[in-house]
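Taking it in order: structure first as structure tokens, then the write-up.
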Amino acid sequence: LECPGLDTAAGEDFLQEVFQILLEEGVRKSTDVTQKVCDWKEPQELRDLLDLELRSDGEGQERLLQRCRDVLRFSVRTGHPRFFNQLFSGLDHHALAGRFLTETLNTSPYTYEVAPVLVLMEEQVLAKLRELVGWSSGDGIFAPGGSMSNMLAMNVARFRRFPESRSRGNWDLPRLGLFASQESHYSILKGAALLGIGTDNVHLVRTDERWVLAGPERPQSGDSCMYPSLSLPFRGKMIPEELEKEIQRVKAEGSEPLFVCATSGTTVLGAFDPLDAIADVCARHGLWLHVDVSSGCLAGRGSGVPLWVLIPLFLQAAWGGSALLSPRLRHLLAGIHRSDSVTWNPHKLLMVGLQCSAFLLRDSSGLLQRCHGVGASYLFQRDKFYDVSLDTGDKSPQCGRRADGLKLWILWKAVGTRGLAQRVERAFAATRYLLEQVKRREGFQLVMEPEFINLCFWFIPPSLRGQENSPDFWDKLGKVAPAIKEKMIRRGSMMVGYQPQGSHVNFFRQIITNPAVTRQDLDFFLDEIQELGWDL
């Protein structure tokens with residue numbers, strides 16, 4: 001014990017080498033369009049290449065540096081301009097610096113004494129986010145992902161109605177009813193299970209229908225990319241009248257309606273629930289209204305305005321105008337300020353980096369603290385020499401918690417509110433360009449006109465064109481997207497998601513959030529799908 005147990009000089013030398021690897025392999029190559037998106041290996045081959053076994057003795061520096069290179073080489077490059085697989089993508093250098101700072105500090109923002117800078121940053125960022133929602137006061141906390149933020153909302157809603165549930169549990173509560181749309185995020189079901197409310201008590205409200213070939217700017221019937229038999233209805237936004245019916249039905253069955261989750265930007269279709277009308281229903285019945293904008297990032301609202309109308313509105317705004325900030329566009333978010341709570345994931349559209357999820361609360365009475373706090377005496381002493389209201393950790397069910405607000409703060413400082421707004425505008429503009437190209441190309445068929453930046457479409461290979469009335473057409477079409485995706489991943493050329501939805505067979509869902517994406521990347525995207533699917 002006379003000497004330190006760590007060789008700090010050797011450690012710093014190692015870090016210097018690792019930083020160079022990160023910069024070259026993790027940043028430059030990860031964002032270089034000439035590089036592969038992924039270097040695909042089968043699981044057993046990858047296990048053998050990585051040599052994952054943990055042994056009794058350690059390894060030398062050169063071997064460890066090679067392992068660092070291997071981690072980067074065989075991982076998916078989510079910062080690549082042709083990675084479209086998730087709602088997150090891209091790499092922002094300022095936000096990445098914030099993530100480095102967070103890891104270096106290695107602290108938890110539960111008390112001011114151990115994380116003074118981070119606590120004050122989190123306070124400021126949460127206040128700014130609440131301001132964008134339209135609240136002059138309130139509360140909030142960063143949570144480990146949008147799913148947990150949604151679950152916090154459910155828990156706080158139950159506590160406000162039934163404070164005794166915190167100590168006595170669910171056993172003497174009435175049967176509770178939760179409501180969300182058929183297109184809502186699956187975390188509502190998971191939250192009901194985790195909180196003991198039960199998935200049977202989550203009532204999925206019917207959504208409206210949109211016809212695939214409906215709307216202006218559609219190709220004429222003589223155009224080669226028209227497939228009349230594909231004119232199928234598709235669901236989108238929660239129907240407020242159906243919500244009212246579900247609430248009345250649940251009441252008649254003896255349950256107690258508690259919580260409504262509206263969605264602004266559904267995960268697959270990008271639909272926006274009509275918030276004002278839903279807020280009216282909640283107000284009539286005294287229900288907690290939570291808005292999940294984790295996908296939508298507050299960039300639009302289900303106003304019935306199609307994408308090609310929304311985009312010019314954005315572009316006519318000043319360089320800093322966006323639906324988050326511009327008074328000219330606030331009507332697109334009508335009703336968001338009437339919610340009781342909001343989930344917002346800046347790690348998606350704003351490209352802050354995983355993970356960064358804010359749970360925002362309109363209440364400013366300390367509801368969050370009363371719901372979750374236990375006052376652990378080794379952390380939250382009341383006789384500290386500073387303002388203990390800054391010890392915010394007891395608001396969260398977590399103890400140790402990442403300082404996810406730091407990277408957002410750094411990014412915001414770097415580009416400003418205007419720069420963040422421009423990212424939203426660019427994402428809309430890129431989606432509009434791709435939408436126009438999809439409509440023009442033979443073999444590409446929209447699932448529905450996009451309301452947000454979720455562009456959903458089928459690719460119909462030549463072998464299936466003109467076969468729309470065949471009894472096995474849909475079964476065959478459902479196999480096209482998985483086959484194309486396998487080819488692109490094995491080639492390493494790009495990544496994009498696909499999924500079935502309800503009774504509809506697999507289709508591609510293209511999401512553009514990376515401002516590094518260019519028209520050339522979008523043209524390549526369609527060309528690659530056409531090439532890989534041509535002989536199917």
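Ligands are numbered from 1 in the order shown, residues from 1 within each chain, and chains are lettered A, B, ... in the order they appear in the structure tokens.
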
Distance table requested - range 76-143 of chain A against range 384-397 of chain A, cut-off 7 Å, only C-alpha atoms: one row per qualifying residue with the closest atom pair and its distance in Å to one decimal, ordered by chain and rising residue number, as CSV.
residue,atom,partner,partner_atom,distance
A:Pro109,CA,A:Gly393,CA,6.7
A:Tyr110,CA,A:Gly393,CA,3.6
A:Thr111,CA,A:Asp391,CA,4.1
A:Tyr112,CA,A:Asp391,CA,5.5

Counting only C-alpha atoms, what are the residues of range 433-464 of chain A within 12 Å of range 82-106 of chain A, and for each of them which pair of atoms is the nearest and at what distance in Å, to one decimal? Sort the table by chain and rising number, as a Markdown table.
| residue | atom | partner | partner_atom | distance |
| --- | --- | --- | --- | --- |
| A:Ile453 | CA | A:Leu87 | CA | 9.9 |
| A:Asn454 | CA | A:Leu87 | CA | 9.1 |
| A:Leu455 | CA | A:Phe84 | CA | 10.9 |

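In this structure, CA of Arg77 in chain A sits 7.6 Å away from CA of Thr31 in chain A.
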
For the strand (DSSP E or B) assignment from backbone DSSP, which residues of range 142-185 of chain A qualify? Please present them as a VMD selection string.
chain A and resid 142 to 143 176 to 181

Saved selection, atoms kept: N, CA, C and O atoms, as a PDB file, in the first residue's frame:
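Output contents, as saved in out.pdb:
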ATOM      1  N   PHE A 142     -33.815  13.060 -16.386  1.00  0.00           N
ATOM      2  CA  PHE A 142     -33.357  12.231 -17.501  1.00  0.00           C
ATOM      3  C   PHE A 142     -33.454  10.761 -17.094  1.00  0.00           C
ATOM      4  O   PHE A 142     -33.111  10.390 -15.972  1.00  0.00           O
ATOM      5  N   ALA A 143     -33.932   9.950 -18.029  1.00  0.00           N
ATOM      6  CA  ALA A 143     -34.146   8.533 -17.775  1.00  0.00           C
ATOM      7  C   ALA A 143     -33.373   7.703 -18.803  1.00  0.00           C
ATOM      8  O   ALA A 143     -33.005   8.216 -19.867  1.00  0.00           O
ATOM      9  N   LEU A 176     -57.380  -0.686 -12.817  1.00  0.00           N
ATOM     10  CA  LEU A 176     -57.061   0.541 -13.531  1.00  0.00           C
ATOM     11  C   LEU A 176     -57.102   0.325 -15.041  1.00  0.00           C
ATOM     12  O   LEU A 176     -56.861  -0.785 -15.537  1.00  0.00           O
ATOM     13  N   GLY A 177     -57.379   1.392 -15.765  1.00  0.00           N
ATOM     14  CA  GLY A 177     -57.418   1.336 -17.217  1.00  0.00           C
ATOM     15  C   GLY A 177     -56.432   2.319 -17.832  1.00  0.00           C
ATOM     16  O   GLY A 177     -56.426   3.500 -17.476  1.00  0.00           O
ATOM     17  N   LEU A 178     -55.578   1.829 -18.717  1.00  0.00           N
ATOM     18  CA  LEU A 178     -54.632   2.651 -19.458  1.00  0.00           C
ATOM     19  C   LEU A 178     -55.029   2.641 -20.927  1.00  0.00           C
ATOM     20  O   LEU A 178     -55.485   1.616 -21.446  1.00  0.00           O
ATOM     21  N   PHE A 179     -54.809   3.759 -21.619  1.00  0.00           N
ATOM     22  CA  PHE A 179     -55.258   3.873 -23.004  1.00  0.00           C
ATOM     23  C   PHE A 179     -54.129   4.418 -23.875  1.00  0.00           C
ATOM     24  O   PHE A 179     -53.442   5.371 -23.508  1.00  0.00           O
ATOM     25  N   ALA A 180     -53.963   3.791 -25.031  1.00  0.00           N
ATOM     26  CA  ALA A 180     -52.985   4.244 -26.017  1.00  0.00           C
ATOM     27  C   ALA A 180     -53.479   3.786 -27.380  1.00  0.00           C
ATOM     28  O   ALA A 180     -54.349   2.920 -27.486  1.00  0.00           O
ATOM     29  N   SER A 181     -52.921   4.358 -28.433  1.00  0.00           N
ATOM     30  CA  SER A 181     -53.384   3.980 -29.768  1.00  0.00           C
ATOM     31  C   SER A 181     -52.813   2.632 -30.177  1.00  0.00           C
ATOM     32  O   SER A 181     -51.839   2.138 -29.600  1.00  0.00           O
TER      33      SER A 181
END

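The gap separating CA of Val342 in chain A from CA of Leu361 in chain A is 6.6 Å, in Å to one decimal.
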
Report, in Å to a single decimal, how far apart CA of Glu242 in chain A and CA of Ile336 in chain A are.
20.0 Å

Using only C-alpha atoms, what table do you get, as CSV, when you list each residue of range 401-459 of chain A with an atom no more than 12 Å from range 199-209 of chain A, its nearest pair of atoms, and their distance in Å rounded to one decimal, rows by chain then rising number?
residue,atom,partner,partner_atom,distance
A:Val447,CA,A:Glu209,CA,11.9
A:Met448,CA,A:Glu209,CA,9.9
A:Glu449,CA,A:Glu209,CA,11.7
